[in-house]
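Here's work-v6.cif, which has mmCIF, C-alpha atoms (C1' of nucleotides):
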data_entry
loop_
_atom_site.group_PDB
_atom_site.id
_atom_site.type_symbol
_atom_site.label_atom_id
_atom_site.label_comp_id
_atom_site.auth_asym_id
_atom_site.auth_seq_id
_atom_site.Cartn_x
_atom_site.Cartn_y
_atom_site.Cartn_z
ATOM 1 C CA MET G 4 12.124 -100.029 -6.525
ATOM 2 C CA LYS G 5 13.586 -103.345 -7.548
ATOM 3 C CA THR G 6 11.681 -106.609 -7.616
ATOM 4 C CA LEU G 7 12.698 -110.250 -7.381
ATOM 5 C CA ILE G 8 9.534 -111.594 -8.999
ATOM 6 C CA LYS G 9 11.313 -113.128 -11.979
ATOM 7 C CA GLU G 10 13.972 -114.805 -9.822
ATOM 8 C CA LYS G 11 11.435 -116.209 -7.375
ATOM 9 C CA ARG G 12 9.217 -117.412 -10.206
ATOM 10 C CA ASN G 13 12.121 -119.224 -11.807
ATOM 11 C CA GLU G 14 12.935 -120.899 -8.501
ATOM 12 C CA LEU G 15 9.429 -122.353 -8.507
ATOM 13 C CA HIS G 16 9.804 -123.380 -12.171
ATOM 14 C CA ILE G 17 6.472 -121.923 -13.171
ATOM 15 C CA THR G 18 5.682 -119.953 -16.305
ATOM 16 C CA GLN G 19 4.338 -116.420 -16.431
ATOM 17 C CA GLU G 20 1.037 -117.866 -17.555
ATOM 18 C CA GLU G 21 0.771 -120.240 -14.598
ATOM 19 C CA LEU G 22 1.600 -117.448 -12.187
ATOM 20 C CA SER G 23 -0.907 -115.093 -13.742
ATOM 21 C CA TYR G 24 -3.584 -117.771 -13.503
ATOM 22 C CA LYS G 25 -2.782 -118.418 -9.838
ATOM 23 C CA LEU G 26 -2.993 -114.734 -9.011
ATOM 24 C CA LYS G 27 -5.981 -114.043 -11.247
ATOM 25 C CA VAL G 28 -4.281 -111.315 -13.196
ATOM 26 C CA SER G 29 -3.394 -111.134 -16.858
ATOM 27 C CA ARG G 30 -0.104 -112.468 -18.169
ATOM 28 C CA GLN G 31 0.600 -108.968 -19.402
ATOM 29 C CA THR G 32 0.545 -107.783 -15.795
ATOM 30 C CA ILE G 33 3.217 -110.312 -14.806
ATOM 31 C CA ILE G 34 5.376 -109.328 -17.755
ATOM 32 C CA SER G 35 5.074 -105.650 -16.937
ATOM 33 C CA LEU G 36 5.879 -106.175 -13.266
ATOM 34 C CA GLU G 37 8.930 -108.320 -14.034
ATOM 35 C CA LYS G 38 10.157 -105.712 -16.498
ATOM 36 C CA GLY G 39 9.570 -102.921 -14.005
ATOM 37 C CA LYS G 40 7.071 -101.164 -16.247
ATOM 38 C CA TYR G 41 4.969 -100.346 -13.232
ATOM 39 C CA LYS G 42 4.500 -101.200 -9.595
ATOM 40 C CA PRO G 43 1.991 -103.707 -8.240
ATOM 41 C CA SER G 44 -0.928 -102.763 -6.045
ATOM 42 C CA LEU G 45 -0.580 -103.628 -2.366
ATOM 43 C CA ILE G 46 -2.943 -106.572 -2.724
ATOM 44 C CA LEU G 47 -1.076 -107.982 -5.706
ATOM 45 C CA ALA G 48 2.246 -107.495 -3.920
ATOM 46 C CA HIS G 49 0.814 -109.450 -1.009
ATOM 47 C CA LYS G 50 -0.419 -112.276 -3.240
ATOM 48 C CA LEU G 51 2.945 -112.483 -4.964
ATOM 49 C CA ALA G 52 4.823 -112.607 -1.652
ATOM 50 C CA GLN G 53 2.393 -115.239 -0.408
ATOM 51 C CA THR G 54 2.929 -117.343 -3.518
ATOM 52 C CA PHE G 55 6.686 -117.159 -3.103
ATOM 53 C CA GLY G 56 6.549 -117.772 0.628
ATOM 54 C CA CYS G 57 8.249 -114.543 1.580
ATOM 55 C CA SER G 58 7.380 -111.105 2.876
ATOM 56 C CA ILE G 59 6.547 -108.122 0.720
ATOM 57 C CA GLU G 60 9.733 -106.485 1.956
ATOM 58 C CA ASP G 61 11.700 -109.528 0.776
ATOM 59 C CA LEU G 62 10.197 -109.446 -2.676
ATOM 60 C CA PHE G 63 10.471 -105.732 -3.319
ATOM 61 C CA ILE G 64 13.557 -103.686 -2.598
ATOM 62 C CA PHE G 65 12.697 -100.096 -1.854
ATOM 63 C CA GLU G 66 15.441 -97.713 -2.799
ATOM 64 C CA GLY G 67 16.526 -94.271 -1.687
ATOM 65 C CA ASP G 68 14.084 -92.221 -3.685
ATOM 66 C CA GLU G 69 11.201 -93.933 -2.012
ATOM 67 C CA ASN G 70 12.502 -93.481 1.511
ATOM 68 C CA LEU G 71 11.507 -90.627 3.774
ATOM 69 C CA GLU G 72 13.819 -87.638 4.156
ATOM 70 C CA MET I 6 -8.114 -105.666 4.205
ATOM 71 C CA LYS I 7 -7.902 -103.899 7.538
ATOM 72 C CA THR I 8 -5.411 -101.176 8.367
ATOM 73 C CA LEU I 9 -3.924 -99.906 11.609
ATOM 74 C CA ILE I 10 -2.913 -96.524 10.222
ATOM 75 C CA LYS I 11 -5.144 -94.493 12.524
ATOM 76 C CA GLU I 12 -4.054 -96.384 15.655
ATOM 77 C CA LYS I 13 -0.361 -96.116 14.788
ATOM 78 C CA ARG I 14 -0.710 -92.439 13.951
ATOM 79 C CA ASN I 15 -2.376 -91.764 17.299
ATOM 80 C CA GLU I 16 0.441 -93.580 19.072
ATOM 81 C CA LEU I 17 2.857 -91.111 17.512
ATOM 82 C CA HIS I 18 0.573 -88.187 18.453
ATOM 83 C CA ILE I 19 0.750 -86.645 15.009
ATOM 84 C CA THR I 20 -2.109 -85.131 13.033
ATOM 85 C CA GLN I 21 -3.337 -86.266 9.632
ATOM 86 C CA GLU I 22 -1.828 -83.125 8.198
ATOM 87 C CA GLU I 23 1.617 -83.783 9.688
ATOM 88 C CA LEU I 24 1.552 -87.349 8.407
ATOM 89 C CA SER I 25 0.462 -86.292 4.936
ATOM 90 C CA TYR I 26 3.262 -83.720 4.841
ATOM 91 C CA LYS I 27 5.839 -86.307 5.928
ATOM 92 C CA LEU I 28 4.689 -88.736 3.233
ATOM 93 C CA LYS I 29 4.188 -86.080 0.567
ATOM 94 C CA VAL I 30 0.597 -87.045 -0.113
ATOM 95 C CA SER I 31 -2.566 -85.033 0.357
ATOM 96 C CA ARG I 32 -4.420 -85.004 3.661
ATOM 97 C CA GLN I 33 -7.410 -86.336 1.779
ATOM 98 C CA THR I 34 -5.384 -89.443 0.964
ATOM 99 C CA ILE I 35 -4.688 -90.089 4.654
ATOM 100 C CA ILE I 36 -8.356 -89.595 5.521
ATOM 101 C CA SER I 37 -9.459 -91.985 2.795
ATOM 102 C CA LEU I 38 -6.931 -94.629 3.800
ATOM 103 C CA GLU I 39 -7.890 -94.447 7.488
ATOM 104 C CA LYS I 40 -11.555 -94.709 6.581
ATOM 105 C CA GLY I 41 -10.865 -97.661 4.277
ATOM 106 C CA LYS I 42 -12.153 -95.817 1.223
ATOM 107 C CA TYR I 43 -9.379 -97.310 -0.849
ATOM 108 C CA LYS I 44 -6.102 -99.154 -0.565
ATOM 109 C CA PRO I 45 -2.670 -97.519 -0.663
ATOM 110 C CA SER I 46 -0.150 -98.100 -3.400
ATOM 111 C CA LEU I 47 2.788 -100.345 -2.539
ATOM 112 C CA ILE I 48 5.112 -97.377 -2.229
ATOM 113 C CA LEU I 49 2.777 -95.489 0.075
ATOM 114 C CA ALA I 50 2.227 -98.625 2.170
ATOM 115 C CA HIS I 51 5.999 -98.886 2.495
ATOM 116 C CA LYS I 52 6.379 -95.252 3.515
ATOM 117 C CA LEU I 53 3.613 -95.606 6.089
ATOM 118 C CA ALA I 54 5.164 -98.742 7.566
ATOM 119 C CA GLN I 55 8.534 -97.019 7.638
ATOM 120 C CA THR I 56 7.086 -94.024 9.435
ATOM 121 C CA PHE I 57 5.483 -96.252 12.026
ATOM 122 C CA GLY I 58 8.548 -98.429 12.409
ATOM 123 C CA CYS I 59 6.818 -101.629 11.425
ATOM 124 C CA SER I 60 6.474 -103.932 8.431
ATOM 125 C CA ILE I 61 3.825 -103.605 5.752
ATOM 126 C CA GLU I 62 2.376 -106.885 6.966
ATOM 127 C CA ASP I 63 2.092 -105.440 10.485
ATOM 128 C CA LEU I 64 0.276 -102.350 9.294
ATOM 129 C CA PHE I 65 -2.154 -104.025 6.937
ATOM 130 C CA ILE I 66 -4.133 -107.116 7.768
ATOM 131 C CA PHE I 67 -4.957 -109.123 4.687
ATOM 132 C CA GLU I 68 -8.125 -111.131 5.005
ATOM 133 C CA GLY I 69 -9.543 -114.248 3.387
ATOM 134 C CA ASP I 70 -10.881 -112.714 0.224
ATOM 135 C CA GLU I 71 -7.455 -111.541 -0.749
ATOM 136 C CA ASN I 72 -5.788 -114.916 -0.234
ATOM 137 C CA LEU I 73 -5.031 -117.376 -3.001
ATOM 138 C CA GLU I 74 -7.255 -120.360 -3.784
ATOM 139 C "C1'" DT M 12 -19.540 -69.043 24.427
ATOM 140 C "C1'" DC M 13 -16.088 -68.131 21.097
ATOM 141 C "C1'" DC M 14 -12.064 -69.365 18.647
ATOM 142 C "C1'" DT M 15 -8.931 -72.702 16.723
ATOM 143 C "C1'" DT M 16 -7.438 -77.078 15.538
ATOM 144 C "C1'" DT M 17 -8.492 -81.319 13.732
ATOM 145 C "C1'" DT M 18 -11.250 -84.336 11.328
ATOM 146 C "C1'" DG M 19 -14.580 -85.237 7.810
ATOM 147 C "C1'" DT M 20 -17.559 -84.834 3.255
ATOM 148 C "C1'" DC M 21 -18.284 -83.960 -1.619
ATOM 149 C "C1'" DA M 22 -17.137 -83.529 -6.291
ATOM 150 C "C1'" DA M 23 -14.347 -83.155 -10.328
ATOM 151 C "C1'" DG M 24 -9.940 -83.983 -12.358
ATOM 152 C "C1'" DT M 25 -5.214 -86.489 -13.214
ATOM 153 C "C1'" DT M 26 -2.323 -90.453 -13.056
ATOM 154 C "C1'" DT M 27 -1.325 -95.175 -13.000
ATOM 155 C "C1'" DA M 28 -2.347 -100.089 -12.306
ATOM 156 C "C1'" DC M 29 -4.414 -103.525 -14.815
ATOM 157 C "C1'" DT M 30 -7.121 -105.727 -18.885
ATOM 158 C "C1'" DT M 31 -7.692 -107.257 -23.503
ATOM 159 C "C1'" DT M 32 -6.372 -108.334 -28.069
ATOM 160 C "C1'" DA M 33 -3.335 -109.099 -31.530
ATOM 161 C "C1'" DC M 34 0.975 -109.892 -33.181
ATOM 162 C "C1'" DG M 35 6.373 -110.426 -33.061
ATOM 163 C "C1'" DT M 36 10.569 -112.841 -31.040
ATOM 164 C "C1'" DT M 37 13.303 -116.332 -28.850
ATOM 165 C "C1'" DA M 38 14.494 -120.954 -27.617
ATOM 166 C "C1'" DA M 39 13.888 -125.689 -27.333
ATOM 167 C "C1'" DT M 40 12.412 -130.000 -29.624
ATOM 168 C "C1'" DT M 41 11.659 -133.012 -33.349
ATOM 169 C "C1'" DA Z 9 13.696 -126.508 -41.311
ATOM 170 C "C1'" DA Z 10 9.306 -126.583 -39.050
ATOM 171 C "C1'" DT Z 11 6.609 -126.620 -34.995
ATOM 172 C "C1'" DT Z 12 5.510 -125.287 -30.424
ATOM 173 C "C1'" DA Z 13 5.978 -123.185 -25.831
ATOM 174 C "C1'" DA Z 14 7.402 -119.299 -23.485
ATOM 175 C "C1'" DC Z 15 8.453 -114.571 -23.495
ATOM 176 C "C1'" DG Z 16 7.828 -109.876 -25.163
ATOM 177 C "C1'" DT Z 17 5.678 -105.410 -27.417
ATOM 178 C "C1'" DA Z 18 2.211 -102.095 -28.631
ATOM 179 C "C1'" DA Z 19 -2.091 -99.786 -28.244
ATOM 180 C "C1'" DA Z 20 -6.543 -98.629 -26.554
ATOM 181 C "C1'" DG Z 21 -9.694 -99.038 -22.807
ATOM 182 C "C1'" DT Z 22 -11.344 -99.433 -17.703
ATOM 183 C "C1'" DA Z 23 -10.850 -99.054 -12.726
ATOM 184 C "C1'" DA Z 24 -8.860 -97.318 -8.838
ATOM 185 C "C1'" DA Z 25 -5.333 -94.459 -6.395
ATOM 186 C "C1'" DC Z 26 -4.363 -89.896 -5.522
ATOM 187 C "C1'" DT Z 27 -4.970 -84.569 -5.966
ATOM 188 C "C1'" DT Z 28 -7.201 -80.182 -5.311
ATOM 189 C "C1'" DG Z 29 -10.330 -77.062 -3.385
ATOM 190 C "C1'" DA Z 30 -14.130 -75.644 -0.864
ATOM 191 C "C1'" DC Z 31 -16.795 -76.167 2.955
ATOM 192 C "C1'" DA Z 32 -18.975 -78.525 7.197
ATOM 193 C "C1'" DA Z 33 -18.834 -81.041 11.761
ATOM 194 C "C1'" DA Z 34 -16.464 -82.185 15.981
ATOM 195 C "C1'" DA Z 35 -13.551 -81.451 19.755
ATOM 196 C "C1'" DG Z 36 -10.511 -78.704 22.664
ATOM 197 C "C1'" DG Z 37 -9.015 -75.057 25.212
ATOM 198 C "C1'" DA Z 38 -9.357 -69.993 26.867
#
Let me see whether you can do it: turn the structure in this file into structure tokens.
Amino acid sequence: MKTLIKEKRNELHITQEELSYKLKVSRQTIISLEKGKYKPSLILAHKLAQTFGCSIEDLFIFEGDENLE
Amino acid sequence: MKTLIKEKRNELHITQEELSYKLKVSRQTIISLEKGKYKPSLILAHKLAQTFGCSIEDLFIFEGDENLE
DNA sequence: TCCTTTTGTCAAGTTTACTTTACGTTAATT
DNA sequence: AATTAACGTAAAGTAAACTTGACAAAAGGA
């Protein structure tokens, strides 16, 4: 799974700290998500998409290994 | 957060067991999700939406308490 | 009524998202 | 060169998603 969090955040010109404050998560969480260290919960994915004004499917690109069959 | 998993599953006329097999999760997971015991991971939400031929946002209804501000 | 399928409960364990703290690195500015 | 803002790493802990297994309650048809 690929994510566009970093790109979208840069488009808004906000820092990791500002984003983490807005979403009420730690800055470490933002760092880890941008680096692909782990995957966000559904709720956090939704908040991120909402912040960036896009859909969850726009923000996260699900690849083959996560598809069915 | 509300979910339409049970309704969508019934539309497809498949059992919890068939769905859990398709998604490679335990039947207990499906039960718990339908009953709202906990929220799915992003990947599982994606697989569910894919199975039902809809978007994540169509399958899960995010309510006020999960919105920003 | 009996049998089977489907749905549900309970509990204990594993994995992973997320937090917190503390410290190191990079890049821009003065 | 020194300071500061932004980004990154590492480690240890907590909370929640998910598993497994065993067993009980509904619901359906024969």
Residue contacts of I:Glu12 (10 Å, all atoms listed in the file) excluding same-chain residues fewer than 6 positions away, as a list in words
His18, Glu39 and Leu64 of chain I
In Å, how far is it from atom CA of G:Arg12 to atom C1' of Z:DA24?
27.1 Å
Since I can't run it myself right now, could you work out what the PyMOL selection byres ((chain I) within 12 of (chain M)) selects here and report it as number ranges by chain?
I: 11, 19-23, 32-33, 35-37, 39-40, 45-47
Can you turn the PyMOL selection byres ((chain G) within 8 of (chain I)) into a concrete residue list for this file, as number ranges by chain?
G: 25-26, 42-46, 48, 50, 54, 58-60, 69-71
Translate the PyMOL selection byres ((chain Z and resi 26) around 7) into a concrete residue list for this structure, as a PyMOL selection string.
(chain I and resi 34) or (chain Z and resi 25+27)
Contacts from chain Z to chain G, 9 Å maximum, all atoms listed in the file: show me the residue list as a ChimeraX atom specification.
/Z:14-16
Atom CA of I:Tyr43 to atom CA of I:Ile10, distance in Å rounded to a single decimal:
12.8 Å
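Going from atom CA of I:Lys42 to atom CA of I:Tyr26 covers 19.9 Å.
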Could you rebuild stretch 32-62 of chain G with N, CA and C atoms and give me the result as a compact mmCIF listing (two decimals), in the frame of the given file?
# COMPACT_ATOMS: atom_id res chain seq x y z
N THR G 32 0.22 -108.40 -17.09
CA THR G 32 0.55 -107.78 -15.80
C THR G 32 1.84 -108.36 -15.24
N ILE G 33 1.98 -109.67 -15.29
CA ILE G 33 3.22 -110.31 -14.81
C ILE G 33 4.42 -109.82 -15.60
N ILE G 34 4.29 -109.81 -16.91
CA ILE G 34 5.38 -109.33 -17.76
C ILE G 34 5.78 -107.92 -17.35
N SER G 35 4.79 -107.05 -17.24
CA SER G 35 5.07 -105.65 -16.94
C SER G 35 5.72 -105.49 -15.57
N LEU G 36 5.28 -106.26 -14.60
CA LEU G 36 5.88 -106.18 -13.27
C LEU G 36 7.32 -106.65 -13.29
N GLU G 37 7.57 -107.79 -13.97
CA GLU G 37 8.93 -108.32 -14.03
C GLU G 37 9.87 -107.35 -14.74
N LYS G 38 9.34 -106.66 -15.74
CA LYS G 38 10.16 -105.71 -16.50
C LYS G 38 10.25 -104.35 -15.82
N GLY G 39 9.53 -104.20 -14.71
CA GLY G 39 9.57 -102.92 -14.00
C GLY G 39 8.80 -101.81 -14.68
N LYS G 40 7.85 -102.18 -15.54
CA LYS G 40 7.07 -101.16 -16.25
C LYS G 40 6.18 -100.38 -15.29
N TYR G 41 5.68 -101.05 -14.29
CA TYR G 41 4.97 -100.35 -13.23
C TYR G 41 4.99 -101.15 -11.95
N LYS G 42 4.43 -100.58 -10.91
CA LYS G 42 4.50 -101.20 -9.60
C LYS G 42 3.18 -101.85 -9.24
N PRO G 43 3.23 -103.00 -8.56
CA PRO G 43 1.99 -103.71 -8.24
C PRO G 43 1.18 -102.97 -7.18
N SER G 44 -0.10 -103.25 -7.15
CA SER G 44 -0.93 -102.76 -6.04
C SER G 44 -0.50 -103.49 -4.78
N LEU G 45 -0.93 -102.99 -3.63
CA LEU G 45 -0.58 -103.63 -2.37
C LEU G 45 -1.12 -105.06 -2.31
N ILE G 46 -2.34 -105.25 -2.75
CA ILE G 46 -2.94 -106.57 -2.72
C ILE G 46 -2.17 -107.55 -3.61
N LEU G 47 -1.82 -107.10 -4.81
CA LEU G 47 -1.08 -107.98 -5.71
C LEU G 47 0.31 -108.28 -5.15
N ALA G 48 0.94 -107.29 -4.56
CA ALA G 48 2.25 -107.50 -3.92
C ALA G 48 2.12 -108.56 -2.83
N HIS G 49 1.05 -108.48 -2.07
CA HIS G 49 0.81 -109.45 -1.01
C HIS G 49 0.60 -110.86 -1.57
N LYS G 50 -0.18 -110.97 -2.63
CA LYS G 50 -0.42 -112.28 -3.24
C LYS G 50 0.86 -112.87 -3.80
N LEU G 51 1.67 -112.02 -4.42
CA LEU G 51 2.94 -112.48 -4.96
C LEU G 51 3.84 -113.00 -3.84
N ALA G 52 3.97 -112.21 -2.78
CA ALA G 52 4.82 -112.61 -1.65
C ALA G 52 4.31 -113.93 -1.06
N GLN G 53 3.00 -114.03 -0.95
CA GLN G 53 2.39 -115.24 -0.41
C GLN G 53 2.73 -116.46 -1.27
N THR G 54 2.61 -116.27 -2.58
CA THR G 54 2.93 -117.34 -3.52
C THR G 54 4.38 -117.80 -3.38
N PHE G 55 5.26 -116.84 -3.17
CA PHE G 55 6.69 -117.16 -3.10
C PHE G 55 7.13 -117.49 -1.68
N GLY G 56 6.21 -117.43 -0.75
CA GLY G 56 6.55 -117.77 0.63
C GLY G 56 7.52 -116.81 1.27
N CYS G 57 7.38 -115.53 0.95
CA CYS G 57 8.25 -114.54 1.58
C CYS G 57 7.44 -113.31 1.92
N SER G 58 8.08 -112.34 2.53
CA SER G 58 7.38 -111.10 2.88
C SER G 58 7.43 -110.13 1.71
N ILE G 59 6.54 -109.16 1.75
CA ILE G 59 6.55 -108.12 0.72
C ILE G 59 7.89 -107.42 0.69
N GLU G 60 8.43 -107.16 1.86
CA GLU G 60 9.73 -106.48 1.96
C GLU G 60 10.87 -107.33 1.39
N ASP G 61 10.69 -108.65 1.37
CA ASP G 61 11.70 -109.53 0.78
C ASP G 61 11.62 -109.53 -0.74
N LEU G 62 10.43 -109.34 -1.24
CA LEU G 62 10.20 -109.45 -2.68
C LEU G 62 10.47 -108.14 -3.41
